[in-house]
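Structure below is run_9.txt: compact mmCIF, C-alpha atoms and all ligand atoms.
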```
# COMPACT_ATOMS: atom_id res chain seq x y z
CA MET A 297 27.75 3.16 -52.92
CA HIS A 298 27.33 6.89 -52.39
CA PHE A 299 26.80 9.98 -54.52
CA GLU A 300 26.41 13.68 -53.84
CA TRP A 301 23.88 16.33 -54.72
CA PRO A 302 23.40 19.97 -53.79
CA ALA A 303 21.36 20.07 -50.61
CA ARG A 304 17.67 20.70 -50.75
CA ARG A 305 17.08 23.61 -48.42
CA GLY A 306 14.31 22.26 -46.22
CA GLN A 307 10.98 21.21 -47.66
CA THR A 308 10.06 24.70 -48.76
CA GLY A 309 13.32 25.71 -50.38
CA ARG A 310 13.96 28.49 -47.87
CA MET A 311 17.21 28.73 -45.94
CA ALA A 312 15.86 28.74 -42.39
CA GLU A 313 18.00 28.58 -39.26
CA GLU A 314 17.27 24.86 -39.08
CA GLY A 315 18.30 24.55 -42.75
CA VAL A 316 19.03 21.30 -44.54
CA PRO A 317 18.14 18.14 -42.57
CA VAL A 318 21.24 16.66 -40.96
CA ILE A 319 20.12 13.10 -41.61
CA ARG A 320 17.11 11.46 -43.24
CA TYR A 321 16.09 8.03 -44.43
CA GLU A 322 14.55 8.15 -47.89
CA GLU A 323 12.93 5.81 -50.37
CA LEU A 324 14.52 7.13 -53.58
CA PRO A 325 13.72 5.88 -57.10
CA GLU A 326 17.15 4.12 -56.88
CA GLY A 327 16.09 2.39 -53.66
CA PRO A 328 16.39 3.11 -49.92
CA ALA A 329 19.11 5.51 -48.79
CA VAL A 330 20.44 7.41 -45.81
CA VAL A 331 20.94 11.02 -46.87
CA LEU A 332 23.41 13.11 -44.84
CA LEU A 333 24.27 16.79 -44.82
CA ASP A 334 27.99 16.51 -45.66
CA GLN A 335 29.70 18.13 -42.66
CA ARG A 336 33.13 17.86 -44.32
CA ARG A 337 32.11 20.64 -46.70
CA LEU A 338 30.65 23.07 -44.19
CA PRO A 339 30.54 25.99 -43.87
CA GLY A 340 31.43 26.61 -47.53
CA GLU A 341 28.93 24.26 -49.16
CA GLU A 342 25.68 22.67 -48.09
CA THR A 343 25.87 19.39 -49.95
CA GLU A 344 24.16 16.11 -49.19
CA VAL A 345 25.80 12.74 -49.48
CA VAL A 346 23.47 9.90 -50.38
CA CYS A 347 24.48 6.51 -48.94
CA THR A 348 22.76 3.59 -50.60
CA ASP A 349 24.61 0.82 -48.76
CA VAL A 350 26.33 0.11 -45.46
CA PRO A 351 29.98 0.47 -46.64
CA ALA A 352 29.17 4.00 -47.92
CA LEU A 353 27.67 4.86 -44.54
CA VAL A 354 30.69 3.46 -42.68
CA ASP A 355 32.92 5.59 -44.89
CA ALA A 356 30.76 8.67 -44.20
CA ILE A 357 31.10 8.03 -40.45
CA GLN A 358 34.87 7.49 -40.55
CA SER A 359 35.56 10.52 -42.75
CA LEU A 360 33.29 12.71 -40.57
CA ALA A 361 30.64 13.52 -43.17
CA VAL A 362 28.43 12.75 -40.17
CA ARG A 363 29.84 13.18 -36.67
CA GLY A 364 28.98 13.92 -33.05
CA ALA A 365 27.74 11.34 -30.59
CA PRO A 366 23.91 11.54 -30.73
CA VAL A 367 23.65 11.73 -34.52
CA LEU A 368 26.13 8.86 -34.81
CA GLY A 369 23.59 6.81 -32.84
CA ILE A 370 20.84 7.82 -35.25
CA THR A 371 23.12 7.01 -38.20
CA GLY A 372 23.93 3.58 -36.77
CA GLY A 373 20.21 2.94 -36.37
CA TYR A 374 19.28 4.01 -39.90
CA GLY A 375 22.25 2.03 -41.23
CA VAL A 376 20.91 -1.19 -39.74
CA ALA A 377 17.43 -0.35 -41.07
CA LEU A 378 19.02 0.19 -44.50
CA ALA A 379 20.73 -3.22 -44.32
CA ALA A 380 17.40 -4.83 -43.41
CA ALA A 381 15.64 -3.10 -46.32
CA LEU A 382 18.39 -4.22 -48.71
CA ARG A 383 18.18 -7.80 -47.34
CA VAL A 384 21.89 -7.88 -46.57
CA ASP A 385 23.27 -9.53 -43.43
CA VAL A 386 21.85 -7.41 -40.61
CA ALA A 387 24.20 -8.79 -37.90
CA ASP A 388 27.24 -8.03 -40.03
CA ALA A 389 25.94 -4.53 -40.84
CA ALA A 390 25.31 -3.81 -37.15
CA GLU A 391 28.83 -5.00 -36.32
CA GLN A 392 30.45 -2.82 -39.00
CA LEU A 393 28.46 0.25 -38.03
CA ALA A 394 28.90 -0.20 -34.27
CA ASN A 395 32.67 -0.42 -34.73
CA ALA A 396 33.12 2.30 -37.34
CA ARG A 397 34.44 4.65 -34.64
CA PRO A 398 35.28 3.47 -31.12
CA THR A 399 34.69 6.33 -28.68
CA ALA A 400 31.13 7.63 -29.07
CA VAL A 401 29.05 4.98 -27.30
CA ASN A 402 25.87 6.22 -29.01
CA LEU A 403 26.99 4.73 -32.33
CA ALA A 404 26.96 1.15 -31.04
CA TYR A 405 23.85 1.91 -28.99
CA GLY A 406 21.89 3.00 -32.10
CA ALA A 407 23.07 0.13 -34.28
CA ARG A 408 22.43 -2.52 -31.61
CA ARG A 409 19.05 -1.14 -30.63
CA VAL A 410 17.73 -1.33 -34.20
CA GLU A 411 19.33 -4.75 -34.70
CA ALA A 412 17.49 -5.94 -31.57
CA ALA A 413 14.16 -4.68 -32.94
CA TYR A 414 14.82 -6.57 -36.20
CA ARG A 415 15.68 -9.79 -34.30
CA GLU A 416 12.63 -9.43 -32.07
CA ALA A 417 10.38 -9.22 -35.13
CA GLU A 418 12.09 -12.28 -36.65
CA ARG A 419 11.64 -14.22 -33.41
CA ALA A 420 7.96 -13.27 -33.42
CA GLY A 421 7.73 -15.06 -36.81
CA GLU A 422 7.48 -11.92 -38.94
CA GLY A 423 9.05 -12.19 -42.41
CA ALA A 424 12.09 -10.23 -43.57
CA GLU A 425 9.95 -7.45 -45.04
CA ALA A 426 7.97 -6.91 -41.84
CA ALA A 427 11.17 -7.12 -39.76
CA ALA A 428 12.72 -4.42 -41.96
CA VAL A 429 9.68 -2.23 -41.34
CA ARG A 430 10.13 -2.78 -37.58
CA ALA A 431 13.80 -1.88 -37.86
CA LEU A 432 13.04 1.38 -39.65
CA ALA A 433 10.32 2.25 -37.13
CA GLN A 434 12.85 1.72 -34.33
CA ALA A 435 15.41 3.95 -36.07
CA ARG A 436 12.80 6.65 -36.54
CA ALA A 437 11.83 6.35 -32.86
CA LEU A 438 15.47 6.79 -31.87
CA HIS A 439 15.67 9.89 -34.09
CA ARG A 440 12.50 11.34 -32.55
CA GLU A 441 13.58 10.56 -28.99
CA ASP A 442 16.88 12.31 -29.59
CA ALA A 443 15.03 15.45 -30.70
CA GLU A 444 12.82 15.32 -27.62
CA GLY A 445 15.82 14.64 -25.38
CA SER A 446 17.64 17.60 -26.88
CA ALA A 447 14.78 19.92 -25.87
CA ARG A 448 14.98 18.59 -22.30
CA LEU A 449 18.76 19.11 -22.26
CA ALA A 450 18.19 22.75 -23.21
CA GLU A 451 15.63 23.16 -20.46
CA TYR A 452 17.66 21.50 -17.68
CA GLY A 453 20.91 23.09 -18.82
CA SER A 454 19.62 26.65 -18.99
CA ALA A 455 17.95 26.30 -15.57
CA LEU A 456 21.24 25.02 -14.14
CA LEU A 457 23.17 27.96 -15.61
CA GLU A 458 20.72 30.39 -14.03
CA GLU A 459 21.54 28.81 -10.67
CA LEU A 460 25.30 28.62 -11.20
CA VAL A 461 25.75 32.04 -12.79
CA PRO A 462 22.70 34.16 -11.97
CA GLY A 463 21.99 37.50 -13.59
CA GLY A 464 22.31 36.77 -17.34
CA GLY A 465 24.85 38.42 -19.61
CA LEU A 466 26.66 35.10 -19.90
CA ARG A 467 29.93 34.58 -21.70
CA ILE A 468 30.03 30.88 -22.48
CA LEU A 469 33.04 29.00 -23.85
CA THR A 470 32.39 25.87 -25.88
CA HIS A 471 34.53 23.37 -27.77
CA CYS A 472 33.97 21.25 -30.87
CA ASN A 473 30.43 21.19 -32.29
CA THR A 474 27.46 20.11 -30.22
CA GLY A 475 24.52 21.69 -32.03
CA ARG A 476 21.89 20.77 -34.59
CA LEU A 477 24.57 19.01 -36.64
CA VAL A 478 25.00 16.31 -33.99
CA SER A 479 21.39 15.69 -33.17
CA GLY A 480 17.81 14.97 -34.13
CA GLY A 481 17.04 18.28 -32.39
CA GLU A 482 19.13 21.32 -31.48
CA GLY A 483 22.01 19.33 -30.03
CA THR A 484 23.49 19.02 -26.56
CA ALA A 485 25.69 21.82 -25.15
CA LEU A 486 24.82 24.14 -28.03
CA ALA A 487 21.10 23.47 -27.48
CA VAL A 488 21.61 24.93 -23.99
CA VAL A 489 23.48 27.92 -25.43
CA LYS A 490 20.65 28.48 -27.93
CA ALA A 491 18.09 28.46 -25.09
CA VAL A 492 20.18 30.98 -23.14
CA HIS A 493 20.44 33.11 -26.29
CA ARG A 494 16.68 32.98 -26.90
CA ALA A 495 16.11 34.07 -23.31
CA GLY A 496 18.30 37.13 -24.01
CA ALA A 497 20.87 35.99 -21.46
CA LEU A 498 23.86 35.29 -23.74
CA ARG A 499 26.44 38.07 -23.98
CA ARG A 500 28.96 36.12 -26.07
CA LEU A 501 29.69 32.59 -27.22
CA TRP A 502 33.39 31.83 -27.26
CA VAL A 503 34.03 29.14 -29.87
CA GLY A 504 37.25 27.15 -29.57
CA GLU A 505 38.43 26.39 -33.12
CA THR A 506 39.06 22.70 -32.26
CA ARG A 507 42.24 21.61 -34.03
CA PRO A 508 42.86 19.68 -36.16
CA LEU A 509 39.53 19.38 -37.99
CA LEU A 510 38.07 22.69 -36.82
CA GLN A 511 34.63 21.49 -35.76
CA GLY A 512 34.37 24.68 -33.66
CA ALA A 513 35.49 27.16 -36.30
CA ARG A 514 33.69 25.48 -39.21
CA LEU A 515 30.56 24.07 -37.62
CA THR A 516 29.76 25.80 -34.32
CA ALA A 517 30.46 29.21 -35.83
CA TYR A 518 28.16 28.25 -38.75
CA GLU A 519 25.38 27.39 -36.30
CA ALA A 520 26.00 30.42 -34.08
CA ALA A 521 25.85 32.73 -37.09
CA LYS A 522 22.56 31.19 -38.26
CA ALA A 523 21.12 31.63 -34.76
CA GLY A 524 22.18 35.29 -34.70
CA MET A 525 24.41 34.93 -31.64
CA ALA A 526 27.28 37.24 -30.75
CA TYR A 527 30.22 34.87 -31.05
CA SER A 528 34.00 34.89 -31.46
CA VAL A 529 36.24 32.08 -32.62
CA LEU A 530 39.53 31.61 -30.78
CA THR A 531 42.49 29.35 -31.35
CA ASP A 532 42.55 26.49 -28.86
CA GLY A 533 45.76 27.87 -27.35
CA ALA A 534 44.11 31.25 -26.62
CA ALA A 535 41.72 29.78 -24.04
CA GLY A 536 44.19 30.31 -21.16
CA SER A 537 44.50 34.03 -21.68
CA LEU A 538 40.74 34.33 -22.15
CA PHE A 539 40.17 32.78 -18.70
CA ALA A 540 42.96 34.87 -17.20
CA SER A 541 41.29 38.06 -18.36
CA GLY A 542 38.04 37.02 -16.64
CA GLU A 543 36.06 36.70 -19.87
CA VAL A 544 34.50 33.27 -19.27
CA ASP A 545 31.46 32.69 -17.02
CA ALA A 546 30.89 29.01 -17.84
CA VAL A 547 32.25 26.23 -20.05
CA LEU A 548 29.72 24.01 -21.81
CA VAL A 549 30.79 20.93 -23.75
CA GLY A 550 29.25 17.72 -25.05
CA ALA A 551 30.44 14.16 -24.46
CA ASP A 552 31.14 11.07 -26.53
CA ARG A 553 31.14 8.63 -23.63
CA ILE A 554 30.67 9.10 -19.91
CA ALA A 555 32.10 6.24 -17.86
CA ALA A 556 30.29 4.87 -14.82
CA ASP A 557 32.60 6.90 -12.56
CA GLY A 558 31.62 10.15 -14.32
CA SER A 559 34.78 10.58 -16.44
CA VAL A 560 33.86 12.45 -19.60
CA ALA A 561 35.41 11.60 -22.98
CA ASN A 562 34.96 14.46 -25.43
CA LYS A 563 36.79 16.13 -28.30
CA VAL A 564 40.51 16.50 -27.66
CA GLY A 565 41.14 19.84 -25.99
CA THR A 566 38.25 19.49 -23.55
CA TYR A 567 40.39 18.33 -20.62
CA PRO A 568 42.69 21.39 -20.72
CA LEU A 569 39.57 23.59 -20.61
CA ALA A 570 38.35 21.72 -17.52
CA VAL A 571 41.72 22.28 -15.81
CA LEU A 572 41.61 25.98 -16.71
CA ALA A 573 38.02 26.27 -15.52
CA ARG A 574 38.91 24.74 -12.15
CA HIS A 575 41.93 27.03 -11.76
CA HIS A 576 39.79 30.09 -12.51
CA ARG A 577 36.76 28.89 -10.49
CA VAL A 578 34.47 28.78 -13.51
CA PRO A 579 31.74 26.09 -13.79
CA PHE A 580 32.54 23.33 -16.27
CA VAL A 581 29.41 21.54 -17.48
CA ALA A 582 29.08 18.51 -19.76
CA VAL A 583 25.75 18.13 -21.58
CA ALA A 584 24.76 14.76 -23.03
CA PRO A 585 21.77 12.45 -23.35
CA VAL A 586 21.62 9.52 -20.94
CA THR A 587 22.49 7.26 -23.88
CA THR A 588 26.03 8.70 -23.72
CA ILE A 589 26.50 7.31 -20.20
CA ASP A 590 28.08 3.87 -20.45
CA PRO A 591 27.65 1.85 -17.24
CA ALA A 592 29.72 -0.95 -18.85
CA THR A 593 32.81 1.29 -18.92
CA ALA A 594 33.91 1.49 -15.31
CA SER A 595 36.32 4.41 -15.44
CA GLY A 596 37.98 6.96 -17.68
CA CYS A 597 41.02 4.69 -18.24
CA ASP A 598 38.71 2.10 -19.80
CA ILE A 599 37.45 4.45 -22.51
CA GLU A 600 38.94 3.67 -25.90
CA VAL A 601 40.15 6.93 -27.43
CA GLU A 602 40.15 6.96 -31.23
CA GLN A 603 43.55 7.70 -32.75
CA ARG A 604 43.25 9.35 -36.12
CA ALA A 605 45.55 9.67 -39.10
CA ALA A 606 48.65 11.85 -38.87
CA HIS A 607 47.81 13.82 -42.02
CA GLU A 608 44.94 15.53 -40.18
CA VAL A 609 47.64 17.30 -38.13
CA THR A 610 50.46 17.54 -40.61
CA VAL A 611 48.58 18.77 -43.68
CA GLY A 612 46.54 21.95 -43.96
CA PRO A 613 45.13 24.44 -43.90
CA TRP A 614 41.57 23.37 -43.23
CA GLY A 615 40.06 26.80 -42.79
CA GLY A 616 37.75 27.82 -45.60
CA SER A 617 38.99 24.99 -47.81
CA GLY A 618 35.88 22.92 -47.27
CA LEU A 619 38.19 19.96 -46.80
CA SER A 620 38.41 17.62 -43.89
CA GLY A 621 40.00 14.37 -42.75
CA ALA A 622 40.28 11.90 -45.57
CA GLU A 623 40.32 14.49 -48.35
CA GLY A 624 42.90 16.72 -46.66
CA LYS A 625 45.78 14.46 -47.68
CA GLU A 626 46.07 16.54 -50.83
CA GLY A 627 46.67 19.80 -48.91
CA ARG A 628 49.84 21.77 -48.12
CA ALA A 629 52.36 20.18 -45.69
CA LEU A 630 52.62 22.09 -42.39
CA VAL A 631 55.60 20.14 -41.05
CA PRO A 632 58.98 18.92 -42.30
CA VAL A 633 58.94 15.77 -44.41
CA GLY A 634 58.85 12.68 -42.20
CA ALA A 635 57.44 14.44 -39.10
CA GLN A 636 55.28 12.19 -36.95
CA ALA A 637 52.06 13.30 -35.29
CA TYR A 638 50.11 12.55 -32.12
CA ASN A 639 46.43 12.76 -33.04
CA PRO A 640 43.96 11.44 -30.46
CA ALA A 641 40.44 12.51 -31.42
CA PHE A 642 39.29 12.74 -27.79
CA ASP A 643 40.52 13.23 -24.25
CA VAL A 644 39.08 12.22 -20.90
CA THR A 645 38.18 14.65 -18.12
CA PRO A 646 37.92 13.16 -14.62
CA SER A 647 34.64 13.70 -12.79
CA GLU A 648 36.22 15.84 -10.07
CA LEU A 649 36.78 18.58 -12.66
CA VAL A 650 33.18 18.45 -13.89
CA THR A 651 30.78 20.74 -12.05
CA ALA A 652 27.72 19.03 -13.50
CA VAL A 653 26.57 16.56 -16.12
CA VAL A 654 23.27 17.69 -17.63
CA THR A 655 21.27 14.81 -19.14
CA ASP A 656 17.81 14.55 -20.66
CA GLU A 657 16.67 12.87 -17.43
CA GLY A 658 18.05 15.51 -15.07
CA VAL A 659 21.29 16.87 -13.68
CA ALA A 660 24.14 15.13 -11.84
CA SER A 661 25.91 17.65 -9.61
CA PRO A 662 28.09 16.59 -7.96
CA VAL A 663 28.93 14.01 -10.59
CA THR A 664 28.81 10.69 -8.74
CA ALA A 665 28.47 7.10 -9.93
CA GLU A 666 25.28 6.78 -7.84
CA ARG A 667 23.58 9.77 -9.45
CA LEU A 668 24.53 8.64 -12.96
CA THR A 669 23.08 5.18 -12.24
CA GLU A 670 19.87 6.82 -11.05
CA LEU A 671 19.60 8.86 -14.27
CA CYS A 672 20.21 5.75 -16.40
CA SER A 673 17.50 3.81 -14.55
CA ALA A 674 14.98 6.61 -15.08
CA SER A 675 15.76 6.47 -18.79
CA ARG A 676 15.46 2.66 -18.98
CA ARG A 677 11.99 2.81 -17.38
CA GLN A 678 10.94 5.36 -19.99
CA ALA A 679 12.44 3.24 -22.85
CA SER A 680 10.64 0.10 -21.79
CA ARG A 681 7.32 2.01 -21.71
CA SER A 682 7.81 3.19 -25.31
CA ALA A 683 9.04 -0.26 -26.48
CA ASP A 684 5.84 -1.81 -25.10
CA GLY A 685 3.88 0.79 -27.06
CA MET A 686 5.75 -0.01 -30.29
CA MET A 687 5.31 -3.79 -30.03
CA ARG A 688 1.58 -3.34 -29.48
CA SER A 689 1.26 -1.06 -32.55
O1 LIG B 701 35.14 13.72 -33.84
P1 LIG B 701 33.76 14.28 -33.69
O2 LIG B 701 33.55 15.54 -34.46
O3 LIG B 701 32.70 13.25 -33.94
O4 LIG B 701 33.68 14.67 -32.15
C1 LIG B 701 32.48 15.18 -31.65
C2 LIG B 701 32.60 15.63 -30.25
O5 LIG B 701 33.61 15.44 -29.60
C3 LIG B 701 31.41 16.25 -29.63
O6 LIG B 701 31.78 17.20 -28.67
C4 LIG B 701 30.63 15.12 -28.93
O7 LIG B 701 30.25 14.12 -29.84
C5 LIG B 701 29.48 15.60 -28.24
S1 LIG B 701 28.27 16.19 -29.37
C6 LIG B 701 26.96 16.02 -28.59
```
How does the structure come out when it is put into structure tokens?
Ligand code: MRU
Amino acid sequence: MHFEWPARRGQTGRMAEEGVPVIRYEELPEGPAVVLLDQRRLPGEETEVVCTDVPALVDAIQSLAVRGAPVLGITGGYGVALAAALRVDVADAAEQLANARPTAVNLAYGARRVEAAYREAERAGEGAEAAAVRALAQARALHREDAEGSARLAEYGSALLEELVPGGGLRILTHCNTGRLVSGGEGTALAVVKAVHRAGALRRLWVGETRPLLQGARLTAYEAAKAGMAYSVLTDGAAGSLFASGEVDAVLVGADRIAADGSVANKVGTYPLAVLARHHRVPFVAVAPVTTIDPATASGCDIEVEQRAAHEVTVGPWGGSGLSGAEGKEGRALVPVGAQAYNPAFDVTPSELVTAVVTDEGVASPVTAERLTELCSASRRQASRSADGMMRS
């Protein structure tokens, strides 16, 4: 079950840049709940959606109330912790959450990681209540690690940009939304942009609107405005002429899944930007935590790309309506009756078009399978150190 309420603006009631928490796990008088800032309604309304069971959370994920790879991982984790607290079937909950959307590998990672912590506690002879406490602690750890990882992404990414495009005054093009809304911290690619902005080195952020659901126009512009950046929104089709007029110094995007061979799945429209960037000799950088690298997916062709409903393309307009995906069915038809639509949510960019992958464990440039494996191993060593710490506590 889920219900909505106007968002509480931070703990103090002020509307700070960081604003309403993107996701939180709460013990409400009604019981445990995962509370989400409803991204379908941004930028017009800051409303929270309160999910008190797993089906409500799955619906929130599928209708994009919560979206973006890292925060999907956190949502998957809290969802399993919620199932454990409610004493519903934890394996079934983990399965439903992990499969709610297919492309962002972080979603399954978060759900499975918290499920494993629950099982581990059960195997150690702890009762259901103690196992639920372990599950929630694991979800909170995942949330915290994502925030810490986001800070490292900003650090590594801004240092890399200084090397690639020295001298400041950067004009950065980004696509989709990769900021605070997708993260426990400041995000992935947009966390880097924010660091560049804070250092006084950002001349302009170019924000691709990101058809059909306008994550760029609605969400990245919302974050850029709060951060006080100079930014302009462009239609996706205007990117070519922007490159041609020499107005782009670097492209920074996030990722939903990076295959072992370095292919990057990200919001549809990313691949054309990579082709343009190569043609115009502009660096194209993907920024993602190591948890987005999937060694089990050998190559780009093996990445499952989510296909979404036709009405997202055929019905509109989205802009300023506060509507998105599932709700948009009620909107105005943009196409003749009976028109079909092609609506993949993501595309895949081959590694040879990617100048660098910035992770929270360091940078891969060139992007090779060997370097990605190295970064994943560094992260696994770190994870096993913190898991040891948690089991001892
Ligand atoms: O369909 P969405 O809005 O979930 O897609 C999100 C993206 O494609 C982001 O660019 C990606 O998750 C990286 S965010 C760190």
- Task: Give the residues close to ligand LIG 701 (chain B), within 6 Å, counting all atoms listed in the file; write them as JSON, numbers by chain.
- Result: {"A": [363, 364, 365, 366, 472, 473, 474, 478, 484, 550, 551, 552, 562, 563, 641]}
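Minimum distance to A:Val346 across A:Glu323, A:Ala584, A:Gln358, A:Val564 (counting all atoms listed in the file) occurs at A:Glu323.
The coordinates place atom CA of A:Thr655 at 14.3 Å from atom CA of A:Gly481.
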- Just how far from atom CA of A:Gly475 is atom CA of A:Val583, in Å to one decimal? 11.1 Å
- Could you check which of A:Ala534, A:Val581, A:Val350, A:Ala592 is closest to A:Gly453, using all atoms listed in the file?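 With all atoms listed in the file as the atom set, the closest residue is A:Val581.
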Please return as a compact mmCIF listing (two decimals) with C-alpha atoms, keeping the file's coordinate frame every residue within 6 Å of (24.2, 15.6, -47.4), taking into account all atoms listed in the file and the file's own coordinates.
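After the write, out_24.txt holds the following:
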```
# COMPACT_ATOMS: atom_id res chain seq x y z
CA VAL A 331 20.94 11.02 -46.87
CA LEU A 332 23.41 13.11 -44.84
CA LEU A 333 24.27 16.79 -44.82
CA ASP A 334 27.99 16.51 -45.66
CA THR A 343 25.87 19.39 -49.95
CA GLU A 344 24.16 16.11 -49.19
CA VAL A 345 25.80 12.74 -49.48
```
- Item | From A:Gly480, A:Gly464, A:Pro351, A:Pro579, residue lying nearest A:Pro662 [all atoms listed in the file] | A:Pro579
- Within 8 Å of A:Gly596 using only C-alpha atoms, minus same-chain residues under 5 positions, as a PyMOL selection string: chain A and resi 554-555+557-561+644-646
- Item | For A:Arg409, the nearest of the candidates A:Thr587, A:Ile357, A:Arg337, A:Thr593, counting all atoms listed in the file |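 Once distances to A:Arg409 are computed over all atoms listed in the file, the minimum belongs to A:Thr587.
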- Item | All residues 7 Å or closer to A:Val386, all atoms listed in the file, same chain fewer than 6 positions away omitted, as a PyMOL selection string | chain A and resi 376+379-380+411
- Long-range neighbours of stretch 445-449 of chain A as a PyMOL selection string, 10 Å cut-off, all atoms listed in the file, 2 positions minimum in chain: chain A and resi 366+439-443+451-455+475-476+479-488+491+583-586+654-659
With C-alpha atoms retained, could you export that selection as a PDB file, in the frame of the given file?
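So selection-v7.pdb came out as:
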```
ATOM      1  CA  PRO A 366      23.910  11.540 -30.730  1.00  0.00           C
ATOM      2  CA  HIS A 439      15.670   9.890 -34.090  1.00  0.00           C
ATOM      3  CA  ARG A 440      12.500  11.340 -32.550  1.00  0.00           C
ATOM      4  CA  GLU A 441      13.580  10.560 -28.990  1.00  0.00           C
ATOM      5  CA  ASP A 442      16.880  12.310 -29.590  1.00  0.00           C
ATOM      6  CA  ALA A 443      15.030  15.450 -30.700  1.00  0.00           C
ATOM      7  CA  GLU A 451      15.630  23.160 -20.460  1.00  0.00           C
ATOM      8  CA  TYR A 452      17.660  21.500 -17.680  1.00  0.00           C
ATOM      9  CA  GLY A 453      20.910  23.090 -18.820  1.00  0.00           C
ATOM     10  CA  SER A 454      19.620  26.650 -18.990  1.00  0.00           C
ATOM     11  CA  ALA A 455      17.950  26.300 -15.570  1.00  0.00           C
ATOM     12  CA  GLY A 475      24.520  21.690 -32.030  1.00  0.00           C
ATOM     13  CA  ARG A 476      21.890  20.770 -34.590  1.00  0.00           C
ATOM     14  CA  SER A 479      21.390  15.690 -33.170  1.00  0.00           C
ATOM     15  CA  GLY A 480      17.810  14.970 -34.130  1.00  0.00           C
ATOM     16  CA  GLY A 481      17.040  18.280 -32.390  1.00  0.00           C
ATOM     17  CA  GLU A 482      19.130  21.320 -31.480  1.00  0.00           C
ATOM     18  CA  GLY A 483      22.010  19.330 -30.030  1.00  0.00           C
ATOM     19  CA  THR A 484      23.490  19.020 -26.560  1.00  0.00           C
ATOM     20  CA  ALA A 485      25.690  21.820 -25.150  1.00  0.00           C
ATOM     21  CA  LEU A 486      24.820  24.140 -28.030  1.00  0.00           C
ATOM     22  CA  ALA A 487      21.100  23.470 -27.480  1.00  0.00           C
ATOM     23  CA  VAL A 488      21.610  24.930 -23.990  1.00  0.00           C
ATOM     24  CA  ALA A 491      18.090  28.460 -25.090  1.00  0.00           C
ATOM     25  CA  VAL A 583      25.750  18.130 -21.580  1.00  0.00           C
ATOM     26  CA  ALA A 584      24.760  14.760 -23.030  1.00  0.00           C
ATOM     27  CA  PRO A 585      21.770  12.450 -23.350  1.00  0.00           C
ATOM     28  CA  VAL A 586      21.620   9.520 -20.940  1.00  0.00           C
ATOM     29  CA  VAL A 654      23.270  17.690 -17.630  1.00  0.00           C
ATOM     30  CA  THR A 655      21.270  14.810 -19.140  1.00  0.00           C
ATOM     31  CA  ASP A 656      17.810  14.550 -20.660  1.00  0.00           C
ATOM     32  CA  GLU A 657      16.670  12.870 -17.430  1.00  0.00           C
ATOM     33  CA  GLY A 658      18.050  15.510 -15.070  1.00  0.00           C
ATOM     34  CA  VAL A 659      21.290  16.870 -13.680  1.00  0.00           C
TER      35      VAL A 659
END
```
- Would you please work out which residue, of A:Ser647, A:Val401, A:Leu382, A:Ala396, is nearest to A:Glu425 when using all atoms listed in the file?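 Smallest distance to A:Glu425 is found for A:Leu382.
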- Note on the structure: Nearest to A:Val461, restricted to only C-alpha atoms and choosing among A:Ala394, A:Ala556, A:Val578, A:Ala417, comes out as A:Val578
